[in-house]
Amino acid sequence: MNEGEFDPSGDRAVSSELAGVLPVEFTAFHSQQHRAYLRYAHLQLGNPKDAEEVVDDVFTFLLKVWRQALKEASLHGFAWAVLREHVERRLAVLGRQVAMVETAWFAALRRSSRERLELLESKLGLYAAIAGLSERQYDVVLLAFLLGNDCDTVARMMGISPATVRSHIRGARRTLSRKLGVDWIPGEEKDQ
């Protein structure tokens with residue numbers, strides 16, 4: 001993790017006392033997803049405290065509906081929708097827009113040297129263009145490129161197939177290249 005980026009080092013595992021009474025599958029799911037959910041929520045909300053509260057609320061809700069959640073076609077897809085809903089609700093309560101543009105740009109700025117400031121200004125345009133993507137493309141781009149997850153991890157987190165992730169990446173690249181006035185080279189996304 002680079003300086004200036006949210007590092008959920010306070011990433012809380014389920015305590016050993018609770019782990020004995022909570023469903024084993026829930027404890028495993030929590031341990032797999034908690035850190036990633038925190039990073040996503042922070043990027044969206046721009047504040048570690050808000051991110052931690054939202055993610056705690058998400059896991060509390062999931063625990064309450066755990067038996068029903070396990071019956072969903074995709075547990076990960078269901079949980080992802082719950083996370084998005086909680087983040088959107090918190091933004092509405094705070095009366096704010098998504099903070100991704102400012103959060104990502106500020107983290108990049110703190111990592112940069114003066115020579116790279118010009119490049120960062122162009123990144124601000126990129127982050128603003130990313131914010132204008134469709135909901136699914138936006139999430140895939142954030143998870144894959146801004147948070148550094150591979151295609152399989154993004155697919156698992158969102159409860160979709162890796163092929164769907166790649167399709168969203170292709171669509172996002174076409175849209176971003178059009179918005180930013182740069183040439184999109186088909187096939188570049190094979191790196192993901």
# chains A, B, ... in the order shown; residues from 1 in each chain; ligands from 1
$ residues_around --residues "region 89-96 of chain A" --least-positions-apart "2" --cutoff "12 Å" --atoms "only C-alpha atoms" --output "list in words"
Ala41, His42, Gln44, Leu45, Gly46, Asn47, Lys49, Asp50, Ala51, Glu52, Glu53, Val54, Val55, Asp57, Val58, Val82, Leu83, Arg84, Glu85, His86, Val87, Val98, Ala99 and Met100 of chain A
$ write_last_selection --atoms "N, CA and C atoms" --output "mmCIF file, in the first residue's frame"
data_model
loop_
_atom_site.group_PDB
_atom_site.id
_atom_site.type_symbol
_atom_site.label_atom_id
_atom_site.label_comp_id
_atom_site.auth_asym_id
_atom_site.auth_seq_id
_atom_site.Cartn_x
_atom_site.Cartn_y
_atom_site.Cartn_z
ATOM 1 N N ALA A 41 -15.184 1.000 0.051
ATOM 2 C CA ALA A 41 -16.001 2.003 0.741
ATOM 3 C C ALA A 41 -15.212 3.286 0.974
ATOM 4 N N HIS A 42 -13.944 3.163 1.320
ATOM 5 C CA HIS A 42 -13.134 4.362 1.534
ATOM 6 C C HIS A 42 -12.965 5.147 0.240
ATOM 7 N N GLN A 44 -14.998 5.298 -2.173
ATOM 8 C CA GLN A 44 -16.278 5.915 -2.482
ATOM 9 C C GLN A 44 -16.619 7.056 -1.526
ATOM 10 N N LEU A 45 -16.335 6.859 -0.242
ATOM 11 C CA LEU A 45 -16.763 7.819 0.779
ATOM 12 C C LEU A 45 -15.702 8.861 1.115
ATOM 13 N N GLY A 46 -14.431 8.534 0.868
ATOM 14 C CA GLY A 46 -13.355 9.488 1.113
ATOM 15 C C GLY A 46 -12.965 9.643 2.564
ATOM 16 N N ASN A 47 -13.457 8.764 3.430
ATOM 17 C CA ASN A 47 -13.212 8.922 4.851
ATOM 18 C C ASN A 47 -13.125 7.544 5.495
ATOM 19 N N LYS A 49 -13.302 6.565 8.595
ATOM 20 C CA LYS A 49 -14.303 6.340 9.639
ATOM 21 C C LYS A 49 -15.647 5.958 9.016
ATOM 22 N N ASP A 50 -16.076 6.707 8.009
ATOM 23 C CA ASP A 50 -17.332 6.382 7.324
ATOM 24 C C ASP A 50 -17.245 5.002 6.680
ATOM 25 N N ALA A 51 -16.109 4.707 6.068
ATOM 26 C CA ALA A 51 -15.932 3.406 5.414
ATOM 27 C C ALA A 51 -16.061 2.272 6.432
ATOM 28 N N GLU A 52 -15.406 2.413 7.581
ATOM 29 C CA GLU A 52 -15.473 1.372 8.606
ATOM 30 C C GLU A 52 -16.895 1.187 9.121
ATOM 31 N N GLU A 53 -17.614 2.288 9.338
ATOM 32 C CA GLU A 53 -18.988 2.188 9.823
ATOM 33 C C GLU A 53 -19.886 1.494 8.799
ATOM 34 N N VAL A 54 -19.741 1.878 7.536
ATOM 35 C CA VAL A 54 -20.567 1.280 6.484
ATOM 36 C C VAL A 54 -20.284 -0.215 6.368
ATOM 37 N N VAL A 55 -19.019 -0.589 6.359
ATOM 38 C CA VAL A 55 -18.677 -2.004 6.211
ATOM 39 C C VAL A 55 -19.142 -2.799 7.439
ATOM 40 N N ASP A 57 -21.778 -2.066 9.154
ATOM 41 C CA ASP A 57 -23.224 -2.181 8.926
ATOM 42 C C ASP A 57 -23.534 -3.265 7.897
ATOM 43 N N VAL A 58 -22.726 -3.344 6.850
ATOM 44 C CA VAL A 58 -22.941 -4.354 5.804
ATOM 45 C C VAL A 58 -22.828 -5.754 6.401
ATOM 46 N N VAL A 82 -25.467 -5.340 -1.507
ATOM 47 C CA VAL A 82 -25.690 -4.782 -0.170
ATOM 48 C C VAL A 82 -24.643 -3.707 0.126
ATOM 49 N N LEU A 83 -23.378 -3.979 -0.192
ATOM 50 C CA LEU A 83 -22.314 -2.996 0.025
ATOM 51 C C LEU A 83 -22.601 -1.719 -0.759
ATOM 52 N N ARG A 84 -22.905 -1.853 -2.044
ATOM 53 C CA ARG A 84 -23.202 -0.670 -2.880
ATOM 54 C C ARG A 84 -24.362 0.126 -2.302
ATOM 55 N N GLU A 85 -25.417 -0.574 -1.889
ATOM 56 C CA GLU A 85 -26.601 0.092 -1.335
ATOM 57 C C GLU A 85 -26.246 0.866 -0.064
ATOM 58 N N HIS A 86 -25.456 0.256 0.806
ATOM 59 C CA HIS A 86 -25.065 0.926 2.052
ATOM 60 C C HIS A 86 -24.186 2.144 1.774
ATOM 61 N N VAL A 87 -23.279 2.025 0.822
ATOM 62 C CA VAL A 87 -22.426 3.167 0.462
ATOM 63 C C VAL A 87 -23.282 4.298 -0.103
ATOM 64 N N VAL A 98 -20.044 10.737 -4.754
ATOM 65 C CA VAL A 98 -18.957 9.776 -4.615
ATOM 66 C C VAL A 98 -17.630 10.532 -4.560
ATOM 67 N N ALA A 99 -16.764 10.125 -3.654
ATOM 68 C CA ALA A 99 -15.502 10.828 -3.431
ATOM 69 C C ALA A 99 -14.348 10.240 -4.228
ATOM 70 N N MET A 100 -14.609 9.242 -5.085
ATOM 71 C CA MET A 100 -13.537 8.527 -5.763
ATOM 72 C C MET A 100 -12.572 9.452 -6.480
#
$ closest_residue --among "A:Ala28, A:Ala172, A:Ala155, A:Leu43" --to "Tyr138 (chain A)" --atoms "only C-alpha atoms"
A:Ala172
